[in-house]
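query_12.cif follows (mmCIF, C-alpha atoms):
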```cif
data_model
#
loop_
_atom_site.group_PDB
_atom_site.id
_atom_site.type_symbol
_atom_site.label_atom_id
_atom_site.label_comp_id
_atom_site.auth_asym_id
_atom_site.auth_seq_id
_atom_site.Cartn_x
_atom_site.Cartn_y
_atom_site.Cartn_z
ATOM 1 C CA MET A 1 101.050 122.583 99.202
ATOM 2 C CA LYS A 2 99.521 124.495 96.399
ATOM 3 C CA THR A 3 98.115 127.864 97.264
ATOM 4 C CA LEU A 4 95.112 129.112 95.465
ATOM 5 C CA LYS A 5 95.588 132.646 94.344
ATOM 6 C CA ILE A 6 92.579 134.762 93.564
ATOM 7 C CA HIS A 7 93.327 137.502 91.119
ATOM 8 C CA THR A 8 91.448 140.594 91.957
ATOM 9 C CA THR A 9 90.957 143.545 89.722
ATOM 10 C CA GLU A 10 90.766 147.221 90.482
ATOM 11 C CA ASP A 11 86.988 146.953 90.157
ATOM 12 C CA ASP A 12 86.806 144.206 92.775
ATOM 13 C CA HIS A 13 88.680 146.366 95.252
ATOM 14 C CA ARG A 14 86.440 149.302 94.597
ATOM 15 C CA ILE A 15 83.297 147.226 95.003
ATOM 16 C CA ALA A 16 84.649 145.754 98.233
ATOM 17 C CA LYS A 17 85.445 149.180 99.667
ATOM 18 C CA LEU A 18 82.068 150.630 98.763
ATOM 19 C CA ALA A 19 80.251 147.549 100.031
ATOM 20 C CA ALA A 20 82.156 147.862 103.314
ATOM 21 C CA LEU A 21 80.946 151.437 103.603
ATOM 22 C CA ALA A 22 77.369 150.322 102.927
ATOM 23 C CA ILE A 23 77.679 147.536 105.512
ATOM 24 C CA GLY A 24 78.942 150.067 108.055
ATOM 25 C CA LEU A 25 75.948 152.314 107.473
ATOM 26 C CA HIS A 26 73.629 149.313 107.618
ATOM 27 C CA LEU A 27 75.081 148.327 111.003
ATOM 28 C CA ILE A 28 74.767 151.849 112.362
ATOM 29 C CA GLU A 29 71.162 151.947 111.279
ATOM 30 C CA ALA A 30 70.433 148.621 112.935
ATOM 31 C CA VAL A 31 71.158 150.022 116.396
ATOM 32 C CA VAL A 32 69.002 153.099 115.878
ATOM 33 C CA PRO A 33 65.633 152.451 117.480
ATOM 34 C CA SER A 34 62.613 152.735 115.211
ATOM 35 C CA PRO A 35 59.118 153.791 116.307
ATOM 36 C CA LEU A 36 57.547 151.203 114.038
ATOM 37 C CA PRO A 37 59.144 147.871 113.149
ATOM 38 C CA GLY A 38 60.125 147.959 109.508
ATOM 39 C CA VAL A 39 60.427 151.713 109.230
ATOM 40 C CA LYS A 40 64.112 152.436 108.754
ATOM 41 C CA PRO A 41 65.772 155.337 106.976
ATOM 42 C CA GLY A 42 67.744 152.989 104.702
ATOM 43 C CA ILE A 43 70.883 155.110 104.726
ATOM 44 C CA ALA A 44 72.864 152.282 103.132
ATOM 45 C CA ASN A 45 70.917 153.016 99.960
ATOM 46 C CA ILE A 46 72.754 156.317 99.729
ATOM 47 C CA VAL A 47 75.853 154.278 98.890
ATOM 48 C CA THR A 48 74.006 152.271 96.229
ATOM 49 C CA LEU A 49 72.716 155.422 94.606
ATOM 50 C CA TYR A 50 76.057 157.195 94.820
ATOM 51 C CA VAL A 51 77.769 154.228 93.192
ATOM 52 C CA LEU A 52 75.162 154.142 90.449
ATOM 53 C CA TYR A 53 75.960 157.757 89.590
ATOM 54 C CA ARG A 54 79.749 157.604 89.970
ATOM 55 C CA PHE A 55 80.241 154.204 88.380
ATOM 56 C CA ASP A 56 77.559 152.064 86.777
ATOM 57 C CA PHE A 57 74.541 149.924 87.493
ATOM 58 C CA ALA A 58 76.503 146.670 87.718
ATOM 59 C CA THR A 59 78.747 148.090 90.445
ATOM 60 C CA ALA A 60 75.727 149.434 92.314
ATOM 61 C CA ALA A 61 74.033 146.023 92.159
ATOM 62 C CA TRP A 62 77.171 144.320 93.442
ATOM 63 C CA VAL A 63 77.518 146.761 96.311
ATOM 64 C CA SER A 64 73.867 146.500 97.277
ATOM 65 C CA LEU A 65 73.695 142.702 97.207
ATOM 66 C CA LEU A 66 77.053 142.261 98.938
ATOM 67 C CA ARG A 67 75.787 144.581 101.642
ATOM 68 C CA VAL A 68 72.666 142.458 102.151
ATOM 69 C CA PHE A 69 74.601 139.180 102.342
ATOM 70 C CA ALA A 70 77.517 140.448 104.404
ATOM 71 C CA SER A 71 75.452 142.319 106.984
ATOM 72 C CA SER A 72 73.165 139.327 107.436
ATOM 73 C CA LEU A 73 76.268 137.265 108.218
ATOM 74 C CA LEU A 74 77.401 139.900 110.700
ATOM 75 C CA PHE A 75 74.015 139.975 112.397
ATOM 76 C CA GLY A 76 73.704 136.198 112.262
ATOM 77 C CA ASN A 77 70.381 136.313 110.484
ATOM 78 C CA PHE A 78 71.492 134.861 107.159
ATOM 79 C CA LEU A 79 68.581 133.029 105.480
ATOM 80 C CA SER A 80 66.180 134.173 108.216
ATOM 81 C CA PRO A 81 63.030 136.187 107.462
ATOM 82 C CA THR A 82 64.947 139.397 108.242
ATOM 83 C CA PHE A 83 67.471 138.495 105.591
ATOM 84 C CA ALA A 84 64.734 137.564 103.119
ATOM 85 C CA LEU A 85 63.055 140.929 103.676
ATOM 86 C CA SER A 86 66.317 142.736 103.209
ATOM 87 C CA LEU A 87 67.058 140.815 100.015
ATOM 88 C CA SER A 88 63.615 141.212 98.470
ATOM 89 C CA GLY A 89 63.748 144.938 99.230
ATOM 90 C CA ALA A 90 67.205 145.281 97.711
ATOM 91 C CA VAL A 91 66.301 143.296 94.588
ATOM 92 C CA LEU A 92 63.135 145.290 93.896
ATOM 93 C CA SER A 93 64.967 148.507 94.625
ATOM 94 C CA LEU A 94 67.726 147.588 92.146
ATOM 95 C CA LEU A 95 65.095 146.696 89.574
ATOM 96 C CA ALA A 96 63.557 150.139 89.990
ATOM 97 C CA LEU A 97 66.968 151.799 89.676
ATOM 98 C CA CYS A 98 67.761 149.683 86.616
ATOM 99 C CA LEU A 99 64.724 151.163 84.878
ATOM 100 C CA ALA A 100 64.906 154.649 86.375
ATOM 101 C CA GLN A 101 68.513 155.226 85.311
ATOM 102 C CA TYR A 102 67.280 155.718 81.753
ATOM 103 C CA LEU A 103 65.134 158.702 82.712
ATOM 104 C CA PRO A 104 66.410 161.933 81.170
ATOM 105 C CA LYS A 105 69.159 163.252 83.471
ATOM 106 C CA ARG A 106 68.212 166.808 82.643
ATOM 107 C CA TYR A 107 64.942 166.521 84.546
ATOM 108 C CA PHE A 108 65.360 163.639 86.941
ATOM 109 C CA GLY A 109 68.099 163.752 89.537
ATOM 110 C CA PRO A 110 69.204 161.474 92.384
ATOM 111 C CA VAL A 111 66.114 162.469 94.385
ATOM 112 C CA SER A 112 63.789 160.852 91.845
ATOM 113 C CA LEU A 113 65.860 157.700 91.697
ATOM 114 C CA SER A 114 66.079 157.557 95.471
ATOM 115 C CA ILE A 115 62.317 157.841 95.853
ATOM 116 C CA PHE A 116 61.714 155.153 93.223
ATOM 117 C CA ALA A 117 64.217 152.891 94.939
ATOM 118 C CA ALA A 118 62.715 153.481 98.391
ATOM 119 C CA LEU A 119 59.157 152.828 97.218
ATOM 120 C CA ALA A 120 60.253 149.706 95.343
ATOM 121 C CA HIS A 121 62.129 148.546 98.424
ATOM 122 C CA MET A 122 58.919 148.793 100.452
ATOM 123 C CA VAL A 123 56.912 147.053 97.741
ATOM 124 C CA GLY A 124 59.406 144.182 97.724
ATOM 125 C CA GLN A 125 59.206 143.799 101.468
ATOM 126 C CA LEU A 126 55.438 144.124 101.672
ATOM 127 C CA LEU A 127 54.941 141.524 98.940
ATOM 128 C CA LEU A 128 57.093 139.093 100.882
ATOM 129 C CA VAL A 129 55.250 139.881 104.105
ATOM 130 C CA ARG A 130 51.873 139.435 102.462
ATOM 131 C CA PHE A 131 52.622 136.198 100.639
ATOM 132 C CA TRP A 132 54.987 134.502 103.033
ATOM 133 C CA LEU A 133 55.329 135.930 106.530
ATOM 134 C CA ILE A 134 51.828 137.228 107.319
ATOM 135 C CA PRO A 135 49.410 135.862 104.719
ATOM 136 C CA HIS A 136 46.516 138.024 105.854
ATOM 137 C CA ALA A 137 44.659 140.831 104.118
ATOM 138 C CA GLY A 138 45.138 142.969 107.237
ATOM 139 C CA VAL A 139 48.657 143.757 106.029
ATOM 140 C CA ALA A 140 46.993 146.215 103.654
ATOM 141 C CA TYR A 141 46.353 148.569 106.577
ATOM 142 C CA LEU A 142 50.094 149.009 107.030
ATOM 143 C CA ILE A 143 50.832 149.844 103.397
ATOM 144 C CA PRO A 144 50.028 153.588 103.580
ATOM 145 C CA VAL A 145 52.164 154.085 106.689
ATOM 146 C CA PHE A 146 55.145 152.283 105.202
ATOM 147 C CA MET A 147 54.768 154.122 101.920
ATOM 148 C CA VAL A 148 54.786 157.508 103.668
ATOM 149 C CA ALA A 149 57.999 156.490 105.431
ATOM 150 C CA ALA A 150 59.504 155.297 102.154
ATOM 151 C CA LEU A 151 58.632 158.542 100.414
ATOM 152 C CA LEU A 152 60.072 160.655 103.202
ATOM 153 C CA PHE A 153 63.311 158.706 103.592
ATOM 154 C CA GLY A 154 63.653 158.315 99.829
ATOM 155 C CA LEU A 155 63.513 162.093 99.520
ATOM 156 C CA LEU A 156 66.022 162.637 102.337
ATOM 157 C CA ASN A 157 68.455 160.012 101.042
ATOM 158 C CA GLY A 158 68.152 161.496 97.572
ATOM 159 C CA LEU A 159 69.036 164.963 98.871
ATOM 160 C CA ILE A 160 72.008 163.564 100.775
ATOM 161 C CA THR A 161 73.180 161.680 97.679
ATOM 162 C CA SER A 162 72.970 164.727 95.463
ATOM 163 C CA ALA A 163 74.884 166.711 98.089
ATOM 164 C CA LEU A 164 77.603 164.042 98.109
ATOM 165 C CA LEU A 165 77.731 163.932 94.318
ATOM 166 C CA LYS A 166 78.130 167.710 94.088
ATOM 167 C CA LYS A 167 80.975 167.607 96.585
ATOM 168 C CA ALA A 168 82.886 164.855 94.796
ATOM 169 C CA MET B 1 71.960 176.085 103.361
ATOM 170 C CA LYS B 2 68.308 175.312 102.924
ATOM 171 C CA SER B 3 68.045 176.966 99.531
ATOM 172 C CA ALA B 4 71.170 175.133 98.399
ATOM 173 C CA TYR B 5 69.406 171.893 99.200
ATOM 174 C CA PHE B 6 66.380 172.759 97.186
ATOM 175 C CA LYS B 7 68.508 173.603 94.170
ATOM 176 C CA ARG B 8 69.418 169.969 94.003
ATOM 177 C CA LEU B 9 65.865 169.180 93.001
ATOM 178 C CA LEU B 10 65.253 169.119 89.272
ATOM 179 C CA PRO B 11 61.798 169.659 87.730
ATOM 180 C CA GLY B 12 61.283 165.924 87.338
ATOM 181 C CA ASP B 13 62.144 165.421 90.989
ATOM 182 C CA TYR B 14 59.336 167.729 92.045
ATOM 183 C CA LEU B 15 57.070 165.734 89.778
ATOM 184 C CA VAL B 16 58.167 162.476 91.386
ATOM 185 C CA VAL B 17 57.644 163.880 94.893
ATOM 186 C CA LEU B 18 54.198 165.095 93.866
ATOM 187 C CA LEU B 19 53.284 161.749 92.330
ATOM 188 C CA GLY B 20 54.583 160.032 95.434
ATOM 189 C CA LEU B 21 52.361 162.189 97.621
ATOM 190 C CA LEU B 22 49.368 161.482 95.401
ATOM 191 C CA LEU B 23 50.103 157.774 95.592
ATOM 192 C CA VAL B 24 50.282 157.921 99.377
ATOM 193 C CA VAL B 25 47.030 159.880 99.642
ATOM 194 C CA TYR B 26 45.386 157.400 97.282
ATOM 195 C CA LEU B 27 46.645 154.480 99.366
ATOM 196 C CA PHE B 28 45.334 156.033 102.567
ATOM 197 C CA LYS B 29 41.958 156.685 100.983
ATOM 198 C CA THR B 30 41.527 153.231 99.491
ATOM 199 C CA LEU B 31 43.047 151.130 102.247
ATOM 200 C CA TRP B 32 42.026 153.025 105.357
ATOM 201 C CA HIS B 33 38.494 154.116 104.636
ATOM 202 C CA GLY B 34 36.651 151.077 105.954
ATOM 203 C CA GLU B 35 33.607 150.204 103.943
ATOM 204 C CA HIS B 36 30.580 152.359 104.696
ATOM 205 C CA ALA B 37 27.613 150.332 105.700
ATOM 206 C CA ALA B 38 24.469 150.160 103.610
ATOM 207 C CA LYS B 39 22.101 148.374 105.946
ATOM 208 C CA LEU B 40 21.290 148.144 109.598
ATOM 209 C CA GLU B 41 20.056 145.001 111.280
ATOM 210 C CA ILE B 42 18.253 145.388 114.566
ATOM 211 C CA ARG B 43 17.724 142.312 116.687
ATOM 212 C CA GLN B 44 15.459 141.982 119.662
ATOM 213 C CA GLY B 45 15.822 138.833 121.701
ATOM 214 C CA ASP B 46 16.467 135.960 119.324
ATOM 215 C CA GLN B 47 14.734 137.518 116.332
ATOM 216 C CA VAL B 48 15.596 140.042 113.684
ATOM 217 C CA PHE B 49 13.407 143.020 114.555
ATOM 218 C CA ALA B 50 14.078 144.952 111.374
ATOM 219 C CA THR B 51 16.576 145.393 108.568
ATOM 220 C CA LEU B 52 16.681 149.025 107.523
ATOM 221 C CA SER B 53 18.475 151.237 105.066
ATOM 222 C CA LEU B 54 20.792 153.879 106.520
ATOM 223 C CA ASP B 55 19.788 156.372 103.847
ATOM 224 C CA GLN B 56 16.646 157.486 105.589
ATOM 225 C CA ASP B 57 16.948 159.464 108.827
ATOM 226 C CA ARG B 58 14.561 158.205 111.476
ATOM 227 C CA VAL B 59 14.150 157.108 115.074
ATOM 228 C CA ILE B 60 13.040 153.541 115.738
ATOM 229 C CA GLN B 61 11.565 152.316 118.983
ATOM 230 C CA VAL B 62 12.248 148.744 120.028
ATOM 231 C CA VAL B 63 10.456 147.277 122.995
ATOM 232 C CA GLY B 64 12.453 144.857 125.140
ATOM 233 C CA PRO B 65 11.994 143.306 128.586
ATOM 234 C CA LEU B 66 12.995 146.560 130.360
ATOM 235 C CA GLY B 67 11.178 149.023 128.191
ATOM 236 C CA THR B 68 11.725 150.945 124.982
ATOM 237 C CA SER B 69 15.135 151.434 123.369
ATOM 238 C CA LYS B 70 15.305 154.323 120.951
ATOM 239 C CA ILE B 71 17.592 153.914 117.949
ATOM 240 C CA GLU B 72 18.460 156.864 115.765
ATOM 241 C CA ILE B 73 19.530 156.664 112.123
ATOM 242 C CA LYS B 74 21.067 159.837 110.773
ATOM 243 C CA GLN B 75 23.229 160.496 107.692
ATOM 244 C CA GLY B 76 24.330 156.908 107.235
ATOM 245 C CA LYS B 77 25.145 156.400 110.904
ATOM 246 C CA VAL B 78 23.252 154.773 113.713
ATOM 247 C CA ARG B 79 23.287 154.952 117.523
ATOM 248 C CA PHE B 80 21.310 154.070 120.598
ATOM 249 C CA LEU B 81 19.585 157.336 121.383
ATOM 250 C CA SER B 82 18.282 156.177 124.709
ATOM 251 C CA SER B 83 17.876 152.938 126.543
ATOM 252 C CA PRO B 84 16.040 151.843 129.674
ATOM 253 C CA CYS B 85 19.036 149.831 130.878
ATOM 254 C CA SER B 86 21.007 150.791 133.991
ATOM 255 C CA ASN B 87 24.559 150.747 132.622
ATOM 256 C CA GLN B 88 23.908 152.684 129.378
ATOM 257 C CA TYR B 89 26.880 151.032 127.639
ATOM 258 C CA CYS B 90 24.930 150.876 124.415
ATOM 259 C CA VAL B 91 24.249 154.622 124.448
ATOM 260 C CA HIS B 92 27.860 155.469 125.302
ATOM 261 C CA GLN B 93 29.083 153.460 122.352
ATOM 262 C CA GLY B 94 27.989 156.353 120.159
ATOM 263 C CA TRP B 95 27.632 156.434 116.397
ATOM 264 C CA LEU B 96 28.362 153.373 114.281
ATOM 265 C CA HIS B 97 29.167 153.792 110.614
ATOM 266 C CA HIS B 98 31.480 151.048 109.370
ATOM 267 C CA VAL B 99 30.494 147.594 108.173
ATOM 268 C CA GLY B 100 30.757 145.049 110.944
ATOM 269 C CA GLN B 101 30.358 147.516 113.787
ATOM 270 C CA ALA B 102 27.826 146.549 116.380
ATOM 271 C CA ALA B 103 26.263 147.917 119.545
ATOM 272 C CA ILE B 104 24.552 145.615 121.943
ATOM 273 C CA CYS B 105 22.265 146.311 124.853
ATOM 274 C CA LEU B 106 22.242 143.067 126.808
ATOM 275 C CA PRO B 107 19.827 144.133 129.567
ATOM 276 C CA ASN B 108 17.158 145.097 127.078
ATOM 277 C CA ARG B 109 18.195 142.364 124.611
ATOM 278 C CA VAL B 110 18.538 144.718 121.652
ATOM 279 C CA SER B 111 21.443 144.741 119.232
ATOM 280 C CA LEU B 112 22.438 146.776 116.188
ATOM 281 C CA GLU B 113 24.733 145.529 113.492
ATOM 282 C CA LEU B 114 25.846 147.272 110.337
ATOM 283 C CA LEU B 115 25.905 145.150 107.217
ATOM 284 C CA GLY B 116 27.762 145.705 103.985
ATOM 285 C CA ALA B 117 27.793 143.932 100.659
ATOM 286 C CA LYS B 118 29.284 140.906 102.361
ATOM 287 C CA LYS B 119 29.597 140.027 105.985
ATOM 288 C CA ALA B 120 32.917 140.854 107.577
ATOM 289 C CA TYR B 121 34.661 138.360 109.813
ATOM 290 C CA ASP B 122 34.286 138.757 113.568
ATOM 291 C CA SER B 123 37.655 137.152 114.064
ATOM 292 C CA LEU B 124 40.068 134.799 112.393
ATOM 293 C CA ASN B 125 42.236 132.149 113.871
ATOM 294 C CA TYR B 126 44.755 129.765 112.420
#
```
Represent the structure contained in this file as structure tokens.
Amino acid sequence: MKTLKIHTTEDDHRIAKLAALAIGLHLIEAVVPSPLPGVKPGIANIVTLYVLYRFDFATAAWVSLLRVFASSLLFGNFLSPTFALSLSGAVLSLLALCLAQYLPKRYFGPVSLSIFAALAHMVGQLLLVRFWLIPHAGVAYLIPVFMVAALLFGLLNGLITSALLKKA
Amino acid sequence: MKSAYFKRLLPGDYLVVLLGLLLVVYLFKTLWHGEHAAKLEIRQGDQVFATLSLDQDRVIQVVGPLGTSKIEIKQGKVRFLSSPCSNQYCVHQGWLHHVGQAAICLPNRVSLELLGAKKAYDSLNY
């Protein structure tokens, strides 16, 4: 019998390790109760941001998307609305980071990027909610609340990321 | 510890936080304000008794089967000032100021409804 051998590079291993860390954080967060459905601190994004700074955007995108797919498999909600929300948030958030990484480093640190990513994450999710899950204008009432949460957690995650980056 | 945390913020970060706060305030203001009503429609029985502007402060008296209901318009708001009915639900409802709000006095067959540019839905179902 012929065995198929997959050749993995150093990069693959690194991405896998970091994604595993992100998945772990994602799982921890899932068991933390939230006062409002949809408001989550998004601590797994700390990993994405950290990776973006230590390595590059491509690695960060890999880690983020692997995290979304792998944790949905672990939770058993792959291809469900929960998964779709997670994916749309992650994609928009990566898009924001992709643009924000070109901001001058002298003035804009991880906190800025984290806030942009968090707000974009919310925008991605709310768009999906509005156009697919709850096609009703009433969703607009929730936007300010979610945006406040995104701003707050974006700031916190950004501070944590910059603390981690200084330590490393 | 705390000061060490704040050193991690660069000037641009403060700017982003500030812009974020402004965005949030703007969102609250635009999405949560609820449209202020322009007109008041008073109905007595099965007829429209009057359609009035909320700009002018005044007290209107509407005569129903039980007696006179007094309706007060003040600074863009409206309320039942007094009513001859026994339960006084209409009076306890207090001031109305958003489009679509209504106060109804069933015993005296008087109702108030605030109208905006377009009529809001009472309810939606799918």
Evaluate the PyMOL selection byres ((chain B) within 9 of (chain A)) and record the selected residues as a short mmCIF file (atom, residue, chain, number, x, y, z; two decimals) with C-alpha atoms, in the coordinates of the input, following the chain and residue labels used in the document.
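Output file selection08.cif is given in full below:
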```cif
data_model
loop_
_atom_site.label_atom_id
_atom_site.label_comp_id
_atom_site.auth_asym_id
_atom_site.auth_seq_id
_atom_site.Cartn_x
_atom_site.Cartn_y
_atom_site.Cartn_z
CA TYR B 5 69.41 171.89 99.20
CA PHE B 6 66.38 172.76 97.19
CA ARG B 8 69.42 169.97 94.00
CA LEU B 9 65.86 169.18 93.00
CA LEU B 10 65.25 169.12 89.27
CA PRO B 11 61.80 169.66 87.73
CA GLY B 12 61.28 165.92 87.34
CA ASP B 13 62.14 165.42 90.99
CA TYR B 14 59.34 167.73 92.04
CA LEU B 15 57.07 165.73 89.78
CA VAL B 16 58.17 162.48 91.39
CA VAL B 17 57.64 163.88 94.89
CA GLY B 20 54.58 160.03 95.43
CA LEU B 21 52.36 162.19 97.62
CA LEU B 23 50.10 157.77 95.59
CA VAL B 24 50.28 157.92 99.38
CA VAL B 25 47.03 159.88 99.64
CA TYR B 26 45.39 157.40 97.28
CA LEU B 27 46.64 154.48 99.37
CA PHE B 28 45.33 156.03 102.57
CA LEU B 31 43.05 151.13 102.25
CA TRP B 32 42.03 153.02 105.36
#
```
Any idea what the distance is between atom CA of Asn87 of chain B and atom CA of Lys74 of chain B?
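These atoms are spaced 23.9 Å apart.
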Check which residues satisfy the PyMOL selection byres ((chain B and resi 82) around 10) in the file shown, then give them as a list in words.
Gln61, Thr68, Ser69, Lys70, Ile71, Glu72, Arg79, Phe80, Leu81, Ser83, Pro84, Cys85, Gln88, Cys90, Val91 and His92 of chain B
List the neighbours of segment 27-33 of chain A out to 9 Å using all atoms listed in the file; skip same-chain residues closer than 2 positions along the sequence, and give me the result as a list of chain:residue names.
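Near segment 27-33 of chain A, the qualifying residues are A:Ala22, A:Ile23, A:Gly24, A:Leu25, A:Pro35, A:Leu36, A:Lys40, A:Pro41, A:Gly42, A:Ile43, A:Ala44, A:Ser71, A:Leu74, A:Phe75.
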Between atom CA of Ala117 of chain A and atom CA of Leu94 of chain A, measure the distance and give it in Å to one decimal.
6.9 Å
Ground truth for the PyMOL selection byres ((chain A and resi 68) around 8), written as a tab-separated table (two decimals) with C-alpha atoms, keeping the file's coordinate frame:
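Output (selection18.tsv):
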```
chain	number	residue	atom	x	y	z
A	23	ILE	CA	77.68	147.54	105.51
A	64	SER	CA	73.87	146.50	97.28
A	65	LEU	CA	73.69	142.70	97.21
A	66	LEU	CA	77.05	142.26	98.94
A	67	ARG	CA	75.79	144.58	101.64
A	69	PHE	CA	74.60	139.18	102.34
A	70	ALA	CA	77.52	140.45	104.40
A	71	SER	CA	75.45	142.32	106.98
A	72	SER	CA	73.17	139.33	107.44
A	83	PHE	CA	67.47	138.50	105.59
A	86	SER	CA	66.32	142.74	103.21
A	87	LEU	CA	67.06	140.82	100.02
A	90	ALA	CA	67.20	145.28	97.71
```
Between atom CA of Ala37 of chain B and atom CA of Thr51 of chain B - distance in Å to one decimal
12.4 Å
Determine, counting only C-alpha atoms, every residue of protein, DNA or RNA that lies within 12 Å of (84.5, 145.6, 95.2) in the file coordinates, then give the result as an NGL selection string.
:A and (8-22 or 51 or 55 or 58-67)
Shell of 9 Å around Gln75 of chain B, only C-alpha atoms, local chain residues under 4 positions omitted, as a list in words
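Once the nearby chain positions are removed, what remains is Leu54, Asp55, Gln56 and Asp57 of chain B.
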Okay, now the selection with C-alpha atoms, as an mmCIF file, in the coordinates of the input?
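The resulting file, result-v1.cif, is shown below:
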```cif
data_model
loop_
_atom_site.group_PDB
_atom_site.id
_atom_site.type_symbol
_atom_site.label_atom_id
_atom_site.label_comp_id
_atom_site.auth_asym_id
_atom_site.auth_seq_id
_atom_site.Cartn_x
_atom_site.Cartn_y
_atom_site.Cartn_z
ATOM 1 C CA LEU B 54 20.792 153.879 106.520
ATOM 2 C CA ASP B 55 19.788 156.372 103.847
ATOM 3 C CA GLN B 56 16.646 157.486 105.589
ATOM 4 C CA ASP B 57 16.948 159.464 108.827
#
```
